[in-house]
Amino acid sequence: MLWWILAGIGLIVIIGLSAYAGILLRKVKDQQLALAKAVEKRNNTLMDSITLIAKAMVQGQCNLSEGAIRLTVLLGELKLAKPIDFDQQYPALNKLYQVVKDMPTHEVRKERSKKEIRQLDEKREKAEQRLEQEIMAEMQQLQEWQLS
């Protein structure tokens with residue numbers, strides 16, 4: 001008789017733990033779904049910004065160097081299931097970014113001598129001119145790229 005009572009209590013405990021485990025699994029699944037939706041929403045927002053900047057660069061409304069900096073940061077923020085090597089896919093953009101990424105901006109730029117600023121600007125402008133055609137082609141490609 002005692003054995004049946006213990007077996008019954010054990011069965012109730014197992015059923016209770018199974019139900020609790022099911023509830024926890026459902027919460028995990030809901031959290032994963034919410035996270036996936038948040039990542040998708042953020043990626044879509046980033047893609048809107050990426051497309052807008054690429055279009056502005058093609059139309060001459062955005063300086064190539066500024067666009068390279070902004071796009072490199074935004075492309076790096078995308079969370080994709082299958083990562084893309086943007087340095088390989090957009091080599092000219094990457095080359096320009098490598099030239100300008102460490103150049104001073106804003107207040108730091110104002111603290112530099114005019115000669116140094118002139119030299120940096122000349123280096124940046126030469127890189128922009130050398131890479132302009134390739135970057136424009138990459139910007140057309142970037143505007144057509146869709147998240148999958």
# chains A, B, ... in the order shown; residues from 1 in each chain; ligands from 1
call {"tool": "residues_around", "arguments": {"residues": "Thr51 of chain A", "least_positions_apart": "5", "cutoff": "12 Å", "atoms": "only C-alpha atoms", "output": "PDB file with N, CA, C and O atoms, in the first residue's frame"}}
result
ATOM      1  N   ASN A  43      17.762  45.123 -38.617  1.00  0.00           N
ATOM      2  CA  ASN A  43      18.397  44.946 -39.923  1.00  0.00           C
ATOM      3  C   ASN A  43      17.672  45.748 -40.999  1.00  0.00           C
ATOM      4  O   ASN A  43      18.312  46.356 -41.861  1.00  0.00           O
ATOM      5  N   ASN A  44      16.351  45.752 -40.964  1.00  0.00           N
ATOM      6  CA  ASN A  44      15.589  46.517 -41.951  1.00  0.00           C
ATOM      7  C   ASN A  44      15.846  48.012 -41.819  1.00  0.00           C
ATOM      8  O   ASN A  44      15.982  48.719 -42.819  1.00  0.00           O
ATOM      9  N   THR A  45      15.932  48.488 -40.586  1.00  0.00           N
ATOM     10  CA  THR A  45      16.242  49.899 -40.355  1.00  0.00           C
ATOM     11  C   THR A  45      17.643  50.225 -40.865  1.00  0.00           C
ATOM     12  O   THR A  45      17.854  51.252 -41.519  1.00  0.00           O
ATOM     13  N   LEU A  46      18.599  49.338 -40.565  1.00  0.00           N
ATOM     14  CA  LEU A  46      19.965  49.539 -41.050  1.00  0.00           C
ATOM     15  C   LEU A  46      20.007  49.540 -42.576  1.00  0.00           C
ATOM     16  O   LEU A  46      20.691  50.368 -43.187  1.00  0.00           O
ATOM     17  N   ALA A  56      22.598  58.590 -51.870  1.00  0.00           N
ATOM     18  CA  ALA A  56      23.133  59.944 -51.717  1.00  0.00           C
ATOM     19  C   ALA A  56      24.547  60.041 -52.290  1.00  0.00           C
ATOM     20  O   ALA A  56      24.906  61.059 -52.895  1.00  0.00           O
ATOM     21  N   MET A  57      25.332  58.997 -52.127  1.00  0.00           N
ATOM     22  CA  MET A  57      26.688  59.003 -52.686  1.00  0.00           C
ATOM     23  C   MET A  57      26.637  59.016 -54.210  1.00  0.00           C
ATOM     24  O   MET A  57      27.383  59.757 -54.852  1.00  0.00           O
ATOM     25  N   VAL A  58      25.759  58.211 -54.798  1.00  0.00           N
ATOM     26  CA  VAL A  58      25.625  58.161 -56.254  1.00  0.00           C
ATOM     27  C   VAL A  58      25.168  59.513 -56.796  1.00  0.00           C
ATOM     28  O   VAL A  58      25.638  59.973 -57.835  1.00  0.00           O
ATOM     29  N   GLY A  67      30.600  58.829 -46.683  1.00  0.00           N
ATOM     30  CA  GLY A  67      29.767  57.674 -46.982  1.00  0.00           C
ATOM     31  C   GLY A  67      30.475  56.367 -46.673  1.00  0.00           C
ATOM     32  O   GLY A  67      29.875  55.435 -46.142  1.00  0.00           O
ATOM     33  N   ARG A  70      30.419  55.881 -42.871  1.00  0.00           N
ATOM     34  CA  ARG A  70      29.071  55.551 -42.387  1.00  0.00           C
ATOM     35  C   ARG A  70      28.640  54.150 -42.833  1.00  0.00           C
ATOM     36  O   ARG A  70      28.100  53.377 -42.054  1.00  0.00           O
ATOM     37  N   LEU A  71      28.859  53.835 -44.105  1.00  0.00           N
ATOM     38  CA  LEU A  71      28.439  52.529 -44.624  1.00  0.00           C
ATOM     39  C   LEU A  71      29.208  51.384 -43.985  1.00  0.00           C
ATOM     40  O   LEU A  71      28.624  50.337 -43.681  1.00  0.00           O
ATOM     41  N   LEU A  74      27.655  50.819 -40.604  1.00  0.00           N
ATOM     42  CA  LEU A  74      26.311  50.242 -40.702  1.00  0.00           C
ATOM     43  C   LEU A  74      26.349  48.792 -41.201  1.00  0.00           C
ATOM     44  O   LEU A  74      25.632  47.931 -40.681  1.00  0.00           O
ATOM     45  N   LEU A  75      27.172  48.528 -42.203  1.00  0.00           N
ATOM     46  CA  LEU A  75      27.283  47.156 -42.719  1.00  0.00           C
ATOM     47  C   LEU A  75      27.813  46.210 -41.643  1.00  0.00           C
ATOM     48  O   LEU A  75      27.402  45.055 -41.558  1.00  0.00           O
ATOM     49  N   GLU A 138      29.863  49.954 -56.923  1.00  0.00           N
ATOM     50  CA  GLU A 138      29.514  49.232 -55.694  1.00  0.00           C
ATOM     51  C   GLU A 138      28.266  49.823 -55.036  1.00  0.00           C
ATOM     52  O   GLU A 138      27.459  49.084 -54.459  1.00  0.00           O
ATOM     53  N   MET A 139      28.092  51.132 -55.141  1.00  0.00           N
ATOM     54  CA  MET A 139      26.905  51.764 -54.547  1.00  0.00           C
ATOM     55  C   MET A 139      25.635  51.355 -55.299  1.00  0.00           C
ATOM     56  O   MET A 139      24.581  51.166 -54.690  1.00  0.00           O
ATOM     57  N   GLN A 140      25.744  51.211 -56.619  1.00  0.00           N
ATOM     58  CA  GLN A 140      24.601  50.714 -57.391  1.00  0.00           C
ATOM     59  C   GLN A 140      24.252  49.290 -56.926  1.00  0.00           C
ATOM     60  O   GLN A 140      23.093  48.959 -56.709  1.00  0.00           O
ATOM     61  N   GLN A 141      25.280  48.482 -56.775  1.00  0.00           N
ATOM     62  CA  GLN A 141      25.098  47.099 -56.317  1.00  0.00           C
ATOM     63  C   GLN A 141      24.501  47.083 -54.902  1.00  0.00           C
ATOM     64  O   GLN A 141      23.592  46.298 -54.612  1.00  0.00           O
ATOM     65  N   LEU A 142      24.986  47.955 -54.044  1.00  0.00           N
ATOM     66  CA  LEU A 142      24.510  48.005 -52.663  1.00  0.00           C
ATOM     67  C   LEU A 142      23.058  48.428 -52.577  1.00  0.00           C
ATOM     68  O   LEU A 142      22.287  47.907 -51.756  1.00  0.00           O
ATOM     69  N   GLN A 143      22.631  49.335 -53.460  1.00  0.00           N
ATOM     70  CA  GLN A 143      21.235  49.783 -53.464  1.00  0.00           C
ATOM     71  C   GLN A 143      20.297  48.639 -53.860  1.00  0.00           C
ATOM     72  O   GLN A 143      19.144  48.617 -53.427  1.00  0.00           O
ATOM     73  N   GLU A 144      20.781  47.719 -54.660  1.00  0.00           N
ATOM     74  CA  GLU A 144      19.951  46.601 -55.139  1.00  0.00           C
ATOM     75  C   GLU A 144      19.989  45.397 -54.204  1.00  0.00           C
ATOM     76  O   GLU A 144      19.169  44.493 -54.324  1.00  0.00           O
ATOM     77  N   TRP A 145      20.930  45.390 -53.274  1.00  0.00           N
ATOM     78  CA  TRP A 145      21.090  44.249 -52.368  1.00  0.00           C
ATOM     79  C   TRP A 145      19.924  44.170 -51.393  1.00  0.00           C
ATOM     80  O   TRP A 145      19.486  45.184 -50.861  1.00  0.00           O
ATOM     81  N   GLN A 146      19.427  42.989 -51.195  1.00  0.00           N
ATOM     82  CA  GLN A 146      18.306  42.752 -50.283  1.00  0.00           C
ATOM     83  C   GLN A 146      18.705  41.747 -49.232  1.00  0.00           C
ATOM     84  O   GLN A 146      19.445  40.810 -49.517  1.00  0.00           O
ATOM     85  N   LEU A 147      18.218  41.945 -48.033  1.00  0.00           N
ATOM     86  CA  LEU A 147      18.421  40.950 -46.979  1.00  0.00           C
ATOM     87  C   LEU A 147      17.617  39.706 -47.331  1.00  0.00           C
ATOM     88  O   LEU A 147      16.517  39.799 -47.843  1.00  0.00           O
TER      89      LEU A 147
END
call {"tool": "select_by_dssp", "arguments": {"residues": "chain A", "states": "alpha helix (DSSP H)", "output": "MDAnalysis selection string"}}
result
chainID A and resid 2:58 64:77 86:89 91:100 106:111 114:144
call {"tool": "residues_around", "arguments": {"residues": "segment 109-124 of chain A", "least_positions_apart": "3", "cutoff": "9 Å", "atoms": "only C-alpha atoms", "output": "mmCIF file with all heavy atoms, in the first residue's frame"}}
result
data_model
loop_
_atom_site.group_PDB
_atom_site.id
_atom_site.type_symbol
_atom_site.label_atom_id
_atom_site.label_comp_id
_atom_site.auth_asym_id
_atom_site.auth_seq_id
_atom_site.Cartn_x
_atom_site.Cartn_y
_atom_site.Cartn_z
ATOM 1 N N SER A 65 34.074 59.887 -48.841
ATOM 2 C CA SER A 65 34.759 59.477 -47.614
ATOM 3 C C SER A 65 33.781 59.350 -46.448
ATOM 4 O O SER A 65 33.829 58.382 -45.683
ATOM 5 C CB SER A 65 35.850 60.481 -47.248
ATOM 6 O OG SER A 65 36.853 60.484 -48.238
ATOM 7 N N LEU A 96 38.847 52.872 -49.518
ATOM 8 C CA LEU A 96 38.674 54.277 -49.127
ATOM 9 C C LEU A 96 38.515 54.376 -47.616
ATOM 10 O O LEU A 96 39.089 55.267 -46.984
ATOM 11 C CB LEU A 96 37.463 54.900 -49.837
ATOM 12 C CG LEU A 96 37.221 56.372 -49.542
ATOM 13 C CD1 LEU A 96 38.442 57.226 -49.887
ATOM 14 C CD2 LEU A 96 36.003 56.872 -50.301
ATOM 15 N N VAL A 99 41.762 54.333 -45.888
ATOM 16 C CA VAL A 99 42.515 55.580 -46.026
ATOM 17 C C VAL A 99 42.019 56.621 -45.025
ATOM 18 O O VAL A 99 42.812 57.322 -44.400
ATOM 19 C CB VAL A 99 42.401 56.140 -47.472
ATOM 20 C CG1 VAL A 99 42.956 57.556 -47.564
ATOM 21 C CG2 VAL A 99 43.109 55.213 -48.449
ATOM 22 N N VAL A 100 40.708 56.734 -44.836
ATOM 23 C CA VAL A 100 40.146 57.849 -44.058
ATOM 24 C C VAL A 100 39.768 57.514 -42.622
ATOM 25 O O VAL A 100 39.483 58.423 -41.844
ATOM 26 C CB VAL A 100 38.908 58.444 -44.776
ATOM 27 C CG1 VAL A 100 39.281 58.982 -46.142
ATOM 28 C CG2 VAL A 100 37.777 57.447 -44.856
ATOM 29 N N MET A 103 41.668 59.459 -39.933
ATOM 30 C CA MET A 103 41.849 60.896 -40.119
ATOM 31 C C MET A 103 41.034 61.647 -39.069
ATOM 32 O O MET A 103 39.921 61.248 -38.740
ATOM 33 C CB MET A 103 41.431 61.315 -41.525
ATOM 34 C CG MET A 103 42.378 60.843 -42.589
ATOM 35 S SD MET A 103 41.957 61.524 -44.209
ATOM 36 C CE MET A 103 43.283 60.875 -45.179
ATOM 37 N N PRO A 104 41.594 62.732 -38.554
ATOM 38 C CA PRO A 104 40.890 63.480 -37.505
ATOM 39 C C PRO A 104 39.651 64.196 -38.045
ATOM 40 O O PRO A 104 39.609 64.595 -39.207
ATOM 41 C CB PRO A 104 41.938 64.492 -37.036
ATOM 42 C CG PRO A 104 42.843 64.670 -38.215
ATOM 43 C CD PRO A 104 42.866 63.336 -38.906
ATOM 44 N N THR A 105 38.654 64.312 -37.187
ATOM 45 C CA THR A 105 37.427 65.023 -37.543
ATOM 46 C C THR A 105 37.052 65.982 -36.414
ATOM 47 O O THR A 105 37.600 65.916 -35.318
ATOM 48 C CB THR A 105 36.260 64.041 -37.770
ATOM 49 O OG1 THR A 105 36.043 63.308 -36.561
ATOM 50 C CG2 THR A 105 36.541 63.080 -38.911
ATOM 51 N N HIS A 106 36.139 66.843 -36.704
ATOM 52 C CA HIS A 106 35.557 67.778 -35.740
ATOM 53 C C HIS A 106 36.617 68.582 -34.986
ATOM 54 O O HIS A 106 37.470 69.192 -35.606
ATOM 55 C CB HIS A 106 34.615 67.044 -34.785
ATOM 56 C CG HIS A 106 33.533 66.291 -35.499
ATOM 57 N ND1 HIS A 106 33.696 64.988 -35.914
ATOM 58 C CD2 HIS A 106 32.296 66.659 -35.884
ATOM 59 C CE1 HIS A 106 32.600 64.582 -36.523
ATOM 60 N NE2 HIS A 106 31.733 65.583 -36.531
ATOM 61 N N ALA A 127 42.533 59.559 -53.020
ATOM 62 C CA ALA A 127 41.917 58.236 -52.861
ATOM 63 C C ALA A 127 40.488 58.251 -53.405
ATOM 64 O O ALA A 127 40.070 57.307 -54.085
ATOM 65 C CB ALA A 127 41.923 57.810 -51.393
ATOM 66 N N GLU A 128 39.745 59.311 -53.139
ATOM 67 C CA GLU A 128 38.373 59.420 -53.655
ATOM 68 C C GLU A 128 38.370 59.416 -55.176
ATOM 69 O O GLU A 128 37.562 58.721 -55.802
ATOM 70 C CB GLU A 128 37.701 60.692 -53.136
ATOM 71 C CG GLU A 128 37.275 60.631 -51.687
ATOM 72 C CD GLU A 128 36.658 61.922 -51.195
ATOM 73 O OE1 GLU A 128 36.738 62.961 -51.910
ATOM 74 O OE2 GLU A 128 36.088 61.919 -50.098
ATOM 75 N N GLN A 129 39.257 60.193 -55.784
ATOM 76 C CA GLN A 129 39.317 60.263 -57.247
ATOM 77 C C GLN A 129 39.715 58.919 -57.850
ATOM 78 O O GLN A 129 39.132 58.469 -58.835
ATOM 79 C CB GLN A 129 40.316 61.339 -57.692
ATOM 80 C CG GLN A 129 39.826 62.741 -57.444
ATOM 81 C CD GLN A 129 40.897 63.784 -57.735
ATOM 82 O OE1 GLN A 129 42.048 63.460 -58.019
ATOM 83 N NE2 GLN A 129 40.513 65.056 -57.645
#
call {"tool": "closest_residue", "arguments": {"among": "A:Lys79, A:Ile84, A:Pro91, A:Tyr97", "to": "Leu35 of chain A", "atoms": "only C-alpha atoms"}}
result
A:Lys79
call {"tool": "closest_residue", "arguments": {"among": "A:Val39, A:Leu93, A:Met136, A:Val13", "to": "Ala81 of chain A", "atoms": "only C-alpha atoms"}}
result
A:Val39
call {"tool": "decode", "arguments": {"residues": "segment 38-51 of chain A", "atoms": "all heavy atoms", "output": "mmCIF file, in the first residue's frame"}}
result
data_model
loop_
_atom_site.group_PDB
_atom_site.id
_atom_site.type_symbol
_atom_site.label_atom_id
_atom_site.label_comp_id
_atom_site.auth_asym_id
_atom_site.auth_seq_id
_atom_site.Cartn_x
_atom_site.Cartn_y
_atom_site.Cartn_z
ATOM 1 N N ALA A 38 13.161 41.348 -33.374
ATOM 2 C CA ALA A 38 13.909 42.569 -33.080
ATOM 3 C C ALA A 38 15.120 42.702 -34.003
ATOM 4 O O ALA A 38 15.412 43.792 -34.512
ATOM 5 C CB ALA A 38 14.347 42.581 -31.625
ATOM 6 N N VAL A 39 15.823 41.593 -34.239
ATOM 7 C CA VAL A 39 16.988 41.606 -35.138
ATOM 8 C C VAL A 39 16.540 41.942 -36.555
ATOM 9 O O VAL A 39 17.174 42.748 -37.245
ATOM 10 C CB VAL A 39 17.739 40.257 -35.083
ATOM 11 C CG1 VAL A 39 18.740 40.130 -36.219
ATOM 12 C CG2 VAL A 39 18.435 40.089 -33.746
ATOM 13 N N GLU A 40 15.433 41.351 -36.994
ATOM 14 C CA GLU A 40 14.924 41.634 -38.334
ATOM 15 C C GLU A 40 14.539 43.108 -38.472
ATOM 16 O O GLU A 40 14.866 43.751 -39.475
ATOM 17 C CB GLU A 40 13.716 40.745 -38.632
ATOM 18 C CG GLU A 40 13.141 40.972 -40.026
ATOM 19 C CD GLU A 40 11.921 40.110 -40.301
ATOM 20 O OE1 GLU A 40 11.424 39.424 -39.385
ATOM 21 O OE2 GLU A 40 11.461 40.145 -41.459
ATOM 22 N N LYS A 41 13.884 43.647 -37.467
ATOM 23 C CA LYS A 41 13.487 45.063 -37.502
ATOM 24 C C LYS A 41 14.721 45.965 -37.556
ATOM 25 O O LYS A 41 14.780 46.912 -38.330
ATOM 26 C CB LYS A 41 12.633 45.397 -36.282
ATOM 27 C CG LYS A 41 12.148 46.814 -36.260
ATOM 28 C CD LYS A 41 11.277 47.092 -35.047
ATOM 29 C CE LYS A 41 10.824 48.548 -35.046
ATOM 30 N NZ LYS A 41 10.063 48.876 -33.852
ATOM 31 N N ARG A 42 15.733 45.643 -36.729
ATOM 32 C CA ARG A 42 16.964 46.447 -36.724
ATOM 33 C C ARG A 42 17.673 46.336 -38.071
ATOM 34 O O ARG A 42 18.151 47.336 -38.612
ATOM 35 C CB ARG A 42 17.876 45.986 -35.596
ATOM 36 C CG ARG A 42 19.218 46.716 -35.575
ATOM 37 C CD ARG A 42 19.787 46.789 -34.204
ATOM 38 N NE ARG A 42 21.172 47.191 -34.156
ATOM 39 C CZ ARG A 42 21.621 48.428 -34.345
ATOM 40 N NH1 ARG A 42 20.771 49.393 -34.586
ATOM 41 N NH2 ARG A 42 22.909 48.698 -34.278
ATOM 42 N N ASN A 43 17.762 45.123 -38.617
ATOM 43 C CA ASN A 43 18.397 44.946 -39.923
ATOM 44 C C ASN A 43 17.672 45.748 -40.999
ATOM 45 O O ASN A 43 18.312 46.356 -41.861
ATOM 46 C CB ASN A 43 18.445 43.470 -40.308
ATOM 47 C CG ASN A 43 19.598 42.726 -39.659
ATOM 48 O OD1 ASN A 43 20.507 43.327 -39.099
ATOM 49 N ND2 ASN A 43 19.549 41.417 -39.718
ATOM 50 N N ASN A 44 16.351 45.752 -40.964
ATOM 51 C CA ASN A 44 15.589 46.517 -41.951
ATOM 52 C C ASN A 44 15.846 48.012 -41.819
ATOM 53 O O ASN A 44 15.982 48.719 -42.819
ATOM 54 C CB ASN A 44 14.099 46.210 -41.835
ATOM 55 C CG ASN A 44 13.750 44.828 -42.346
ATOM 56 O OD1 ASN A 44 14.460 44.252 -43.167
ATOM 57 N ND2 ASN A 44 12.669 44.257 -41.835
ATOM 58 N N THR A 45 15.932 48.488 -40.586
ATOM 59 C CA THR A 45 16.242 49.899 -40.355
ATOM 60 C C THR A 45 17.643 50.225 -40.865
ATOM 61 O O THR A 45 17.854 51.252 -41.519
ATOM 62 C CB THR A 45 16.137 50.231 -38.854
ATOM 63 O OG1 THR A 45 14.809 49.945 -38.404
ATOM 64 C CG2 THR A 45 16.462 51.684 -38.581
ATOM 65 N N LEU A 46 18.599 49.338 -40.565
ATOM 66 C CA LEU A 46 19.965 49.539 -41.050
ATOM 67 C C LEU A 46 20.007 49.540 -42.576
ATOM 68 O O LEU A 46 20.691 50.368 -43.187
ATOM 69 C CB LEU A 46 20.899 48.458 -40.495
ATOM 70 C CG LEU A 46 21.216 48.545 -39.002
ATOM 71 C CD1 LEU A 46 21.940 47.288 -38.532
ATOM 72 C CD2 LEU A 46 22.039 49.779 -38.687
ATOM 73 N N MET A 47 19.276 48.614 -43.195
ATOM 74 C CA MET A 47 19.263 48.544 -44.660
ATOM 75 C C MET A 47 18.654 49.809 -45.273
ATOM 76 O O MET A 47 19.118 50.274 -46.314
ATOM 77 C CB MET A 47 18.513 47.305 -45.143
ATOM 78 C CG MET A 47 19.341 46.037 -45.106
ATOM 79 S SD MET A 47 20.932 46.144 -45.970
ATOM 80 C CE MET A 47 20.413 46.480 -47.647
ATOM 81 N N ASP A 48 17.640 50.368 -44.624
ATOM 82 C CA ASP A 48 17.071 51.626 -45.113
ATOM 83 C C ASP A 48 18.136 52.719 -45.100
ATOM 84 O O ASP A 48 18.280 53.479 -46.063
ATOM 85 C CB ASP A 48 15.872 52.053 -44.257
ATOM 86 C CG ASP A 48 14.651 51.172 -44.456
ATOM 87 O OD1 ASP A 48 14.610 50.402 -45.447
ATOM 88 O OD2 ASP A 48 13.734 51.251 -43.607
ATOM 89 N N SER A 49 18.894 52.787 -44.013
ATOM 90 C CA SER A 49 19.955 53.787 -43.907
ATOM 91 C C SER A 49 21.063 53.523 -44.919
ATOM 92 O O SER A 49 21.573 54.453 -45.558
ATOM 93 C CB SER A 49 20.541 53.791 -42.492
ATOM 94 O OG SER A 49 19.573 54.174 -41.550
ATOM 95 N N ILE A 50 21.433 52.272 -45.085
ATOM 96 C CA ILE A 50 22.490 51.901 -46.039
ATOM 97 C C ILE A 50 22.083 52.288 -47.456
ATOM 98 O O ILE A 50 22.864 52.892 -48.197
ATOM 99 C CB ILE A 50 22.797 50.388 -45.926
ATOM 100 C CG1 ILE A 50 23.513 50.100 -44.606
ATOM 101 C CG2 ILE A 50 23.602 49.893 -47.119
ATOM 102 C CD1 ILE A 50 23.597 48.636 -44.233
ATOM 103 N N THR A 51 20.853 51.962 -47.816
ATOM 104 C CA THR A 51 20.354 52.285 -49.153
ATOM 105 C C THR A 51 20.311 53.799 -49.363
ATOM 106 O O THR A 51 20.694 54.293 -50.430
ATOM 107 C CB THR A 51 18.955 51.672 -49.360
ATOM 108 O OG1 THR A 51 19.048 50.262 -49.157
ATOM 109 C CG2 THR A 51 18.436 51.946 -50.749
#
